[in-house]
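Report on the structure given below.
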Amino acid sequence: MGSVNIPRLDLDTYINGTAEQRKRFSDEIGKAFNDTGFVTITNHGLSKQLIDKLYQQVKALFALPEDVKLKYEKAELAGQRGYTSKGKETAKGFKVPDLKEFWQIGQTVTDGDPVKNEYPDNVMVEELPDFNSTTREVYQKLEAAGAHLLRAIAVYLGLPENYFDDKVHNGNSILRTLHYFPIPDPDALPADAVRAGAHEDINLITLLIGASADGLELLTREGTWFPVKAHGEDVVVNVGDMLQRLTNNKLKSTTHRVVNPPREEMKNSRYSVPFFLHPKSDMDLASLESCIDAGHPKLYSDMTAGEYLDERLREIGLKK
């Protein structure tokens with residue numbers, strides 16, 4: 001367990017700190033992303049009040065009657081906007097779907113960027129207008145925090161600090177509100193049914209607002225599962241596969257899962273809100289030359305972020 005390096009970092013020291021503080025932040029996030037792929041972040045721009053309001057709205061959404069939720073499920077959107085019902089998403093390599101339902105909110109382009117034509121409109125919940133406004137605010141704040149984190153990562157990689165800026169501006173990022181629903185009869189479950197099967201995220205980085213219950217675990221390099229716990233309102237940040245491809249495995253996309261709780265707690269819901277920070281679809285994910293050498297030969301074929309996303313959505317069953 002000694003090798004599990006999940007530092008707690010203060011994002012304000014990067015945004016407003018001295019040159020020395022900024023370098024330390026960049027070094028620490030780079031080392032953690034090299035080691036385990038996970039950090040927890042304070043001073044990320046979301047107040048406790050906003051987080052509490054978000055979870056109130058998320059709970060209200062999933063408490064809506066089934067027929068109301070189903071009218072917001074749009075098969076043609078491959079789960080990228082609106083509601084996705086139970087039994088639809090399966091972790092790559094698994095046969096049994098995850099025990100969850102979710103709702104996805106995407107980018108809102110307001111500056112005339114032609115990339116707007118690539119994105120479907122967000123689905124508005126008529127019954128809960130506060131859900132729409134609250135999730136939009138959370139999306140924007142996490143997107144801003146993510147942009148700062150990517151600047152620190154760019155510095156660590158020896159790239160210009162603003163390397164990612166134009167790639168993630170109006171990017172294809174997703175805010176996902178998740179409900180791991182109660183299981184009244186655990187004995188009726190397939191043996192390998194879990195809340196979220198072991199997987200890696202598709203995107204550049206993921207920012208996860210502290211969930212309503214424990215259950216998130218990462219796979220260490222030694223092959224053991226380690227519980228990831230966030231303090232209070234901290235945001236957990238991990239590397240996704242796009243950043244791993246770009247850095248030729250220098251930064252590690254760590255396998256993680258959400259395990260089922262003890263049997264007596266399976267009757268309780270668990271809520272979680274991850275923000276998957278994606279670039280625009282035309283970003284080139286070809287591995288950086290600086291991450292390739294004799295000891296680290298190139299591991300991945302060249303493709304764009306859009307091509308990679310499409311491939312992965314098919315693998316997890318959201319796209320046919």
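FYI, nothing fancy with the structure tokens labels: chains A, B, ... in order, residues from 1 per chain, ligands from 1 as they appear.
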
Exercise for review: Might you pull out every residue within 12 Å of Gly158 (chain A), with only C-alpha atoms counted and same-chain residues fewer than 3 positions away left off, and present them as a list in words?
Suggested key: Lys23, Ser26, Asp27, Gly30, Arg151, Ala152, Ile153, Ala154, Val155, Glu161, Asn162, Tyr163, Thr247, Leu288, Glu289, Ser290 and Cys291 of chain A

All heavy atoms of the current selection, written as a short mmCIF file (atom, residue, chain, number, x, y, z; two decimals), in the first residue's frame:
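File written: again_11.cif
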data_model
loop_
_atom_site.label_atom_id
_atom_site.label_comp_id
_atom_site.auth_asym_id
_atom_site.auth_seq_id
_atom_site.Cartn_x
_atom_site.Cartn_y
_atom_site.Cartn_z
N LYS A 23 5.07 25.63 -9.61
CA LYS A 23 5.93 24.53 -10.06
C LYS A 23 5.73 23.30 -9.17
O LYS A 23 5.66 22.16 -9.66
CB LYS A 23 7.39 24.96 -10.04
CG LYS A 23 8.30 23.78 -10.45
CD LYS A 23 9.69 24.18 -10.85
CE LYS A 23 10.47 23.05 -11.49
NZ LYS A 23 10.23 21.70 -10.98
N SER A 26 2.51 21.58 -10.13
CA SER A 26 2.69 20.89 -11.40
C SER A 26 3.49 19.60 -11.22
O SER A 26 3.12 18.54 -11.75
CB SER A 26 3.39 21.82 -12.39
OG SER A 26 3.54 21.20 -13.63
N ASP A 27 4.56 19.67 -10.44
CA ASP A 27 5.39 18.49 -10.18
C ASP A 27 4.59 17.41 -9.43
O ASP A 27 4.70 16.22 -9.73
CB ASP A 27 6.62 18.85 -9.35
CG ASP A 27 7.65 19.64 -10.15
OD1 ASP A 27 7.53 19.69 -11.39
OD2 ASP A 27 8.56 20.23 -9.52
N GLY A 30 1.87 15.84 -11.64
CA GLY A 30 2.54 14.99 -12.62
C GLY A 30 3.02 13.68 -12.02
O GLY A 30 2.82 12.61 -12.60
N ARG A 151 -3.34 22.88 -17.65
CA ARG A 151 -2.17 23.77 -17.77
C ARG A 151 -1.02 23.26 -16.90
O ARG A 151 0.14 23.24 -17.32
CB ARG A 151 -2.57 25.19 -17.40
CG ARG A 151 -3.41 25.87 -18.47
CD ARG A 151 -3.94 27.22 -18.04
NE ARG A 151 -4.99 27.64 -18.96
CZ ARG A 151 -6.02 28.41 -18.63
NH1 ARG A 151 -6.13 28.87 -17.40
NH2 ARG A 151 -6.93 28.73 -19.53
N ALA A 152 -1.37 22.84 -15.67
CA ALA A 152 -0.33 22.30 -14.79
C ALA A 152 0.27 21.02 -15.37
O ALA A 152 1.49 20.80 -15.29
CB ALA A 152 -0.92 22.02 -13.40
N ILE A 153 -0.56 20.21 -15.98
CA ILE A 153 -0.08 18.96 -16.60
C ILE A 153 0.81 19.28 -17.81
O ILE A 153 1.85 18.65 -18.01
CB ILE A 153 -1.28 18.09 -17.02
CG1 ILE A 153 -2.00 17.57 -15.77
CG2 ILE A 153 -0.84 16.93 -17.90
CD1 ILE A 153 -3.39 17.02 -16.03
N ALA A 154 0.41 20.29 -18.61
CA ALA A 154 1.22 20.68 -19.77
C ALA A 154 2.62 21.10 -19.32
O ALA A 154 3.63 20.71 -19.94
CB ALA A 154 0.53 21.81 -20.53
N VAL A 155 2.70 21.88 -18.25
CA VAL A 155 4.00 22.32 -17.73
C VAL A 155 4.84 21.11 -17.30
O VAL A 155 6.03 21.02 -17.61
CB VAL A 155 3.80 23.31 -16.55
CG1 VAL A 155 5.13 23.59 -15.85
CG2 VAL A 155 3.17 24.62 -17.04
N GLU A 161 2.40 26.10 -21.51
CA GLU A 161 1.33 26.00 -20.50
C GLU A 161 -0.06 25.97 -21.14
O GLU A 161 -0.96 25.28 -20.67
CB GLU A 161 1.42 27.17 -19.51
CG GLU A 161 0.45 27.02 -18.35
CD GLU A 161 0.43 28.23 -17.44
OE1 GLU A 161 0.67 29.36 -17.92
OE2 GLU A 161 0.14 28.05 -16.24
N ASN A 162 -0.23 26.68 -22.23
CA ASN A 162 -1.56 26.78 -22.85
C ASN A 162 -1.78 25.71 -23.94
O ASN A 162 -2.69 25.84 -24.76
CB ASN A 162 -1.77 28.18 -23.44
CG ASN A 162 -0.77 28.49 -24.56
OD1 ASN A 162 0.12 27.69 -24.84
ND2 ASN A 162 -0.93 29.64 -25.19
N TYR A 163 -0.98 24.65 -23.94
CA TYR A 163 -1.05 23.62 -24.99
C TYR A 163 -2.47 23.09 -25.17
O TYR A 163 -2.94 22.88 -26.30
CB TYR A 163 -0.11 22.47 -24.64
CG TYR A 163 -0.18 21.30 -25.60
CD1 TYR A 163 0.54 21.31 -26.79
CD2 TYR A 163 -0.99 20.19 -25.33
CE1 TYR A 163 0.47 20.26 -27.69
CE2 TYR A 163 -1.07 19.13 -26.23
CZ TYR A 163 -0.35 19.17 -27.41
OH TYR A 163 -0.43 18.13 -28.30
N THR A 247 0.40 10.76 -24.00
CA THR A 247 1.69 10.74 -23.31
C THR A 247 2.37 9.37 -23.39
O THR A 247 3.36 9.14 -22.68
CB THR A 247 1.52 11.14 -21.83
OG1 THR A 247 0.67 10.18 -21.18
CG2 THR A 247 0.91 12.53 -21.71
N LEU A 288 3.02 12.20 -28.01
CA LEU A 288 4.00 13.28 -28.06
C LEU A 288 5.40 12.71 -28.28
O LEU A 288 5.78 11.72 -27.64
CB LEU A 288 3.97 14.07 -26.75
CG LEU A 288 2.66 14.77 -26.40
CD1 LEU A 288 2.64 15.17 -24.92
CD2 LEU A 288 2.47 16.00 -27.28
N GLU A 289 6.14 13.34 -29.16
CA GLU A 289 7.51 12.87 -29.45
C GLU A 289 8.35 12.84 -28.17
O GLU A 289 9.20 11.96 -27.99
CB GLU A 289 8.18 13.80 -30.47
CG GLU A 289 7.59 13.70 -31.87
CD GLU A 289 7.81 12.35 -32.53
OE1 GLU A 289 8.82 11.69 -32.20
OE2 GLU A 289 6.96 11.95 -33.35
N SER A 290 8.10 13.79 -27.26
CA SER A 290 8.89 13.86 -26.02
C SER A 290 8.63 12.69 -25.08
O SER A 290 9.36 12.49 -24.12
CB SER A 290 8.58 15.17 -25.29
OG SER A 290 7.19 15.27 -25.01
N CYS A 291 7.56 11.92 -25.35
CA CYS A 291 7.22 10.77 -24.50
C CYS A 291 7.63 9.44 -25.14
O CYS A 291 7.27 8.37 -24.64
CB CYS A 291 5.72 10.76 -24.19
SG CYS A 291 5.16 12.19 -23.23
#

If you count only C-alpha atoms, which residues fall within 8 Å of Thr220 (chain A), apart from same-chain ones fewer than 2 positions away, as a compact mmCIF listing (two decimals) with N, CA and C atoms, in the first residue's frame?
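Output (result-v5.txt):
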# COMPACT_ATOMS: atom_id res chain seq x y z
N VAL A 4 0.78 3.80 -2.97
CA VAL A 4 -0.42 4.50 -3.42
C VAL A 4 -0.29 5.99 -3.11
N THR A 36 -0.17 6.75 -9.87
CA THR A 36 -1.47 6.09 -9.66
C THR A 36 -2.56 6.63 -10.56
N LEU A 218 -9.35 2.01 -6.78
CA LEU A 218 -8.42 1.97 -7.92
C LEU A 218 -7.54 0.73 -7.82
N GLU A 222 0.55 -2.94 -8.10
CA GLU A 222 0.81 -4.28 -7.54
C GLU A 222 -0.37 -5.22 -7.75
N GLY A 223 -1.48 -4.67 -8.34
CA GLY A 223 -2.63 -5.53 -8.63
C GLY A 223 -3.61 -5.67 -7.49
N THR A 224 -3.55 -4.75 -6.51
CA THR A 224 -4.52 -4.79 -5.41
C THR A 224 -5.49 -3.60 -5.55
N TRP A 225 -6.67 -3.75 -4.97
CA TRP A 225 -7.68 -2.68 -5.03
C TRP A 225 -7.54 -1.79 -3.80
N PHE A 226 -7.56 -0.47 -4.04
CA PHE A 226 -7.33 0.52 -2.97
C PHE A 226 -8.49 1.51 -2.97
N THR A 254 -5.69 4.94 -14.78
CA THR A 254 -5.78 3.85 -13.81
C THR A 254 -7.14 3.15 -13.86

Point to revise | Exercise: Gly232 (chain A) partners within 10 Å, only C-alpha atoms, chain neighbours under 5 positions left out, as a ChimeraX atom specification | key: /A:42,48,209-211

Atoms to include: N, CA and C atoms. Write the selected residues as an mmCIF file, in the first residue's frame.
data_model
loop_
_atom_site.group_PDB
_atom_site.id
_atom_site.type_symbol
_atom_site.label_atom_id
_atom_site.label_comp_id
_atom_site.auth_asym_id
_atom_site.auth_seq_id
_atom_site.Cartn_x
_atom_site.Cartn_y
_atom_site.Cartn_z
ATOM 1 N N THR A 42 -8.595 20.545 -3.705
ATOM 2 C CA THR A 42 -9.381 21.524 -2.939
ATOM 3 C C THR A 42 -9.372 22.857 -3.705
ATOM 4 N N LYS A 48 -19.663 24.545 -1.130
ATOM 5 C CA LYS A 48 -20.459 23.482 -0.498
ATOM 6 C C LYS A 48 -21.938 23.681 -0.810
ATOM 7 N N ILE A 209 -17.013 14.866 -8.315
ATOM 8 C CA ILE A 209 -17.467 15.484 -7.077
ATOM 9 C C ILE A 209 -17.741 14.370 -6.074
ATOM 10 N N GLY A 210 -17.282 14.552 -4.836
ATOM 11 C CA GLY A 210 -17.435 13.534 -3.809
ATOM 12 C C GLY A 210 -18.789 12.844 -3.852
ATOM 13 N N ALA A 211 -18.787 11.531 -3.934
ATOM 14 C CA ALA A 211 -20.036 10.774 -4.060
ATOM 15 C C ALA A 211 -20.752 10.696 -2.717
#

**Study point:** Residue set, region 45-268 of chain A restricted to strand (DSSP E or B), as a ChimeraX atom specification
**Key:** /A:82-84,101-105,174-180,196-199,205-209,216-219,225-227,235-239,256-258

Write the residues of the preceding selection, restricted to N, CA, C and O atoms, as a compact mmCIF listing (two decimals), in the first residue's frame.
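Result file selection02.txt:
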# COMPACT_ATOMS: atom_id res chain seq x y z
N GLY A 82 -29.17 13.56 -22.04
CA GLY A 82 -30.39 13.07 -21.44
C GLY A 82 -30.21 11.79 -20.65
O GLY A 82 -29.12 11.47 -20.15
N TYR A 83 -31.28 11.02 -20.57
CA TYR A 83 -31.38 9.88 -19.66
C TYR A 83 -30.90 8.58 -20.32
O TYR A 83 -31.17 8.33 -21.50
N THR A 84 -30.20 7.76 -19.54
CA THR A 84 -29.87 6.39 -19.93
C THR A 84 -30.36 5.47 -18.83
O THR A 84 -29.95 5.59 -17.67
N GLU A 101 -28.21 3.96 -13.41
CA GLU A 101 -28.90 4.76 -14.43
C GLU A 101 -28.23 6.12 -14.38
O GLU A 101 -27.65 6.50 -13.36
N PHE A 102 -28.28 6.87 -15.49
CA PHE A 102 -27.58 8.16 -15.46
C PHE A 102 -28.21 9.16 -16.43
O PHE A 102 -29.06 8.82 -17.26
N TRP A 103 -27.75 10.41 -16.27
CA TRP A 103 -28.19 11.52 -17.11
C TRP A 103 -26.95 12.29 -17.53
O TRP A 103 -26.08 12.56 -16.69
N GLN A 104 -26.86 12.65 -18.82
CA GLN A 104 -25.66 13.35 -19.30
C GLN A 104 -25.98 14.73 -19.86
O GLN A 104 -26.96 14.91 -20.59
N ILE A 105 -25.12 15.69 -19.48
CA ILE A 105 -25.23 17.08 -19.94
C ILE A 105 -23.95 17.38 -20.71
O ILE A 105 -22.84 17.06 -20.25
N ILE A 174 -18.50 16.09 -20.84
CA ILE A 174 -19.79 15.56 -20.37
C ILE A 174 -19.85 15.64 -18.85
O ILE A 174 -18.92 15.21 -18.16
N LEU A 175 -20.95 16.17 -18.33
CA LEU A 175 -21.26 16.06 -16.90
C LEU A 175 -22.28 14.93 -16.77
O LEU A 175 -23.35 14.98 -17.40
N ARG A 176 -21.93 13.93 -16.00
CA ARG A 176 -22.81 12.76 -15.84
C ARG A 176 -23.33 12.72 -14.40
O ARG A 176 -22.53 12.71 -13.46
N THR A 177 -24.63 12.72 -14.23
CA THR A 177 -25.21 12.51 -12.91
C THR A 177 -25.65 11.05 -12.84
O THR A 177 -26.36 10.56 -13.70
N LEU A 178 -25.17 10.35 -11.80
CA LEU A 178 -25.30 8.90 -11.72
C LEU A 178 -26.12 8.49 -10.51
O LEU A 178 -25.97 9.05 -9.42
N HIS A 179 -26.96 7.51 -10.70
CA HIS A 179 -27.69 6.90 -9.60
C HIS A 179 -27.42 5.40 -9.60
O HIS A 179 -27.80 4.69 -10.54
N TYR A 180 -26.73 4.96 -8.56
CA TYR A 180 -26.58 3.52 -8.34
C TYR A 180 -27.78 3.12 -7.48
O TYR A 180 -27.82 3.42 -6.29
N ALA A 196 -20.27 -0.40 -10.85
CA ALA A 196 -19.51 -0.01 -12.05
C ALA A 196 -18.32 -0.95 -12.17
O ALA A 196 -17.43 -0.95 -11.32
N GLY A 197 -18.33 -1.77 -13.22
CA GLY A 197 -17.26 -2.73 -13.44
C GLY A 197 -15.92 -2.04 -13.65
O GLY A 197 -15.85 -0.86 -14.03
N ALA A 198 -14.85 -2.75 -13.41
CA ALA A 198 -13.50 -2.20 -13.56
C ALA A 198 -13.32 -1.63 -14.97
O ALA A 198 -13.59 -2.29 -15.95
N HIS A 199 -12.86 -0.38 -15.03
CA HIS A 199 -12.75 0.30 -16.33
C HIS A 199 -11.75 1.44 -16.24
O HIS A 199 -11.32 1.82 -15.16
N ILE A 205 -9.09 14.01 -18.68
CA ILE A 205 -9.13 13.86 -17.23
C ILE A 205 -10.58 13.83 -16.78
O ILE A 205 -11.47 14.35 -17.47
N THR A 206 -10.83 13.22 -15.63
CA THR A 206 -12.15 13.18 -15.02
C THR A 206 -12.09 13.91 -13.69
O THR A 206 -11.16 13.70 -12.91
N LEU A 207 -13.09 14.76 -13.43
CA LEU A 207 -13.22 15.44 -12.15
C LEU A 207 -14.49 14.92 -11.49
O LEU A 207 -15.59 15.09 -12.02
N LEU A 208 -14.35 14.26 -10.35
CA LEU A 208 -15.46 13.61 -9.68
C LEU A 208 -15.80 14.34 -8.39
O LEU A 208 -14.96 14.42 -7.49
N ILE A 209 -17.01 14.87 -8.31
CA ILE A 209 -17.47 15.48 -7.08
C ILE A 209 -17.74 14.37 -6.07
O ILE A 209 -18.36 13.36 -6.41
N LEU A 216 -15.67 3.76 -4.46
CA LEU A 216 -14.69 3.93 -5.53
C LEU A 216 -13.36 3.30 -5.12
O LEU A 216 -12.84 3.59 -4.04
N GLU A 217 -12.82 2.45 -5.99
CA GLU A 217 -11.54 1.81 -5.73
C GLU A 217 -10.66 1.87 -6.98
O GLU A 217 -11.17 1.79 -8.10
N LEU A 218 -9.35 2.01 -6.78
CA LEU A 218 -8.42 1.97 -7.92
C LEU A 218 -7.54 0.73 -7.82
O LEU A 218 -7.30 0.20 -6.74
N LEU A 219 -7.08 0.30 -8.98
CA LEU A 219 -6.20 -0.87 -9.05
C LEU A 219 -4.75 -0.38 -9.01
O LEU A 219 -4.32 0.37 -9.88
N TRP A 225 -6.67 -3.75 -4.97
CA TRP A 225 -7.68 -2.68 -5.03
C TRP A 225 -7.54 -1.79 -3.80
O TRP A 225 -7.41 -2.27 -2.68
N PHE A 226 -7.56 -0.47 -4.04
CA PHE A 226 -7.33 0.52 -2.97
C PHE A 226 -8.49 1.51 -2.97
O PHE A 226 -8.80 2.10 -4.00
N PRO A 227 -9.17 1.69 -1.81
CA PRO A 227 -10.31 2.62 -1.77
C PRO A 227 -9.85 4.07 -1.88
O PRO A 227 -8.89 4.48 -1.21
N VAL A 235 -12.64 17.37 -4.84
CA VAL A 235 -12.92 16.75 -6.14
C VAL A 235 -11.79 15.75 -6.41
O VAL A 235 -10.60 16.07 -6.26
N VAL A 236 -12.16 14.54 -6.79
CA VAL A 236 -11.19 13.51 -7.15
C VAL A 236 -10.92 13.64 -8.65
O VAL A 236 -11.84 13.73 -9.45
N VAL A 237 -9.64 13.67 -9.02
CA VAL A 237 -9.27 13.85 -10.44
C VAL A 237 -8.42 12.66 -10.88
O VAL A 237 -7.48 12.27 -10.18
N ASN A 238 -8.78 12.08 -12.02
CA ASN A 238 -7.97 10.97 -12.54
C ASN A 238 -7.71 11.14 -14.04
O ASN A 238 -8.42 11.84 -14.75
N VAL A 239 -6.68 10.46 -14.49
CA VAL A 239 -6.26 10.48 -15.89
C VAL A 239 -7.17 9.57 -16.70
O VAL A 239 -7.54 8.48 -16.27
N HIS A 256 -10.29 1.58 -12.45
CA HIS A 256 -11.04 1.80 -11.22
C HIS A 256 -12.43 1.20 -11.34
O HIS A 256 -12.86 0.82 -12.42
N ARG A 257 -13.12 1.10 -10.22
CA ARG A 257 -14.44 0.48 -10.20
C ARG A 257 -15.24 1.07 -9.04
O ARG A 257 -14.68 1.76 -8.18
N VAL A 258 -16.55 0.81 -9.06
CA VAL A 258 -17.40 1.14 -7.91
C VAL A 258 -17.98 -0.17 -7.42
O VAL A 258 -18.77 -0.81 -8.12

Practice item. Might you pull out every residue within 9 Å of region 76-81 of chain A, with only C-alpha atoms counted and same-chain residues fewer than 4 positions away left off, and present them as a list in words? Key: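 Residues near the query, excluding close chain neighbours: Tyr72, Lys88, Phe102, Trp103, Gln104, Ile105, Gly106, Pro120, Asp121, Asn122, Val123, Ile174, Leu313, Gly317, Leu318, Lys319 and Lys320 of chain A.
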
List as a Markdown table every residue of region 32-147 of chain A that is in contact with region 269-283 of chain A, defined as an atom at most 8 Å from one of its atoms (using only C-alpha atoms), together with the nearest atom pair and the distance in Å rounded to one decimal, sorted by chain and then rising number.
| residue | atom | partner | partner_atom | distance |
| --- | --- | --- | --- | --- |
| A:Tyr55 | CA | A:Tyr271 | CA | 7.7 |
| A:Val58 | CA | A:Tyr271 | CA | 7.8 |
| A:Lys59 | CA | A:Tyr271 | CA | 7.6 |
| A:Val115 | CA | A:Lys280 | CA | 7.9 |
| A:Tyr139 | CA | A:Phe275 | CA | 7.3 |
| A:Leu142 | CA | A:Phe275 | CA | 7.0 |
| A:Glu143 | CA | A:Leu277 | CA | 7.1 |
| A:Gly146 | CA | A:Leu277 | CA | 7.0 |

Restricted to N, CA, C and O atoms, what would the selected residues look like written as a PDB file, in the first residue's frame?
ATOM      1  N   TYR A  55     -26.736  17.897  -5.480  1.00  0.00           N
ATOM      2  CA  TYR A  55     -27.187  16.577  -5.059  1.00  0.00           C
ATOM      3  C   TYR A  55     -28.682  16.541  -4.763  1.00  0.00           C
ATOM      4  O   TYR A  55     -29.346  15.522  -5.025  1.00  0.00           O
ATOM      5  N   VAL A  58     -30.136  16.161  -8.218  1.00  0.00           N
ATOM      6  CA  VAL A  58     -29.860  14.831  -8.775  1.00  0.00           C
ATOM      7  C   VAL A  58     -30.800  13.797  -8.150  1.00  0.00           C
ATOM      8  O   VAL A  58     -31.378  12.949  -8.848  1.00  0.00           O
ATOM      9  N   LYS A  59     -30.962  13.887  -6.834  1.00  0.00           N
ATOM     10  CA  LYS A  59     -31.877  12.951  -6.163  1.00  0.00           C
ATOM     11  C   LYS A  59     -33.300  13.141  -6.668  1.00  0.00           C
ATOM     12  O   LYS A  59     -34.039  12.162  -6.883  1.00  0.00           O
ATOM     13  N   VAL A 115     -18.098  24.542 -33.998  1.00  0.00           N
ATOM     14  CA  VAL A 115     -18.150  23.205 -33.401  1.00  0.00           C
ATOM     15  C   VAL A 115     -19.536  22.935 -32.813  1.00  0.00           C
ATOM     16  O   VAL A 115     -19.928  21.773 -32.615  1.00  0.00           O
ATOM     17  N   TYR A 139     -21.226  22.322 -14.492  1.00  0.00           N
ATOM     18  CA  TYR A 139     -20.464  22.008 -15.710  1.00  0.00           C
ATOM     19  C   TYR A 139     -19.416  23.099 -15.976  1.00  0.00           C
ATOM     20  O   TYR A 139     -18.230  22.809 -16.181  1.00  0.00           O
ATOM     21  N   LEU A 142     -16.550  23.156 -13.302  1.00  0.00           N
ATOM     22  CA  LEU A 142     -15.620  22.032 -13.435  1.00  0.00           C
ATOM     23  C   LEU A 142     -14.802  22.136 -14.718  1.00  0.00           C
ATOM     24  O   LEU A 142     -13.628  21.759 -14.743  1.00  0.00           O
ATOM     25  N   GLU A 143     -15.406  22.672 -15.765  1.00  0.00           N
ATOM     26  CA  GLU A 143     -14.671  22.878 -17.012  1.00  0.00           C
ATOM     27  C   GLU A 143     -13.527  23.876 -16.790  1.00  0.00           C
ATOM     28  O   GLU A 143     -12.399  23.667 -17.265  1.00  0.00           O
ATOM     29  N   GLY A 146     -10.854  22.199 -14.705  1.00  0.00           N
ATOM     30  CA  GLY A 146     -10.142  21.240 -15.548  1.00  0.00           C
ATOM     31  C   GLY A 146      -9.130  21.912 -16.461  1.00  0.00           C
ATOM     32  O   GLY A 146      -8.029  21.384 -16.682  1.00  0.00           O
TER      33      GLY A 146
END

Review point. Among region 23-261 of chain A, which residues carry a DSSP assignment of helix (DSSP H, G or I), reported as a count of residues only?
Key: 82

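Of the listed residues A:Leu309, A:Gln244, A:Asp185, A:His169, the one whose atoms come nearest to Arg263 (chain A) is A:Asp185, with distances taken using only C-alpha atoms.
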
Practice item. For Asp10 (chain A), please output as a count of residues only all residues within 9 Å (counting only C-alpha atoms; exclusion window: fewer than 4 positions along the same chain). Key: 7

Practice item. Return the single residue from A:Thr13, A:Asn5, A:Asn34, A:Gln49 that is closest to Tyr156 (chain A), with distances computed using only C-alpha atoms. Key: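 Closest to Tyr156 (chain A), using only C-alpha atoms: A:Asn34.
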
Point to revise | Length of the CA of Leu99 (chain A) to CA of Val138 (chain A) vector [Å] | key: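 If I compute the distance from CA of Leu99 (chain A) to CA of Val138 (chain A), I get 24.8 Å.
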
Check your understanding: When you draw a straight line from CA of Lys92 (chain A) to CA of Glu66 (chain A), how long is it in Å?
Key ->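 Result for CA of Lys92 (chain A) versus CA of Glu66 (chain A): 27.0 Å, one decimal.
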
Exercise for review: Please indicate the distance in Å from CA of Lys267 (chain A) to CA of Lys74 (chain A), rounded to one decimal place.
Suggested key: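 If I compute the distance from CA of Lys267 (chain A) to CA of Lys74 (chain A), I get 28.6 Å.
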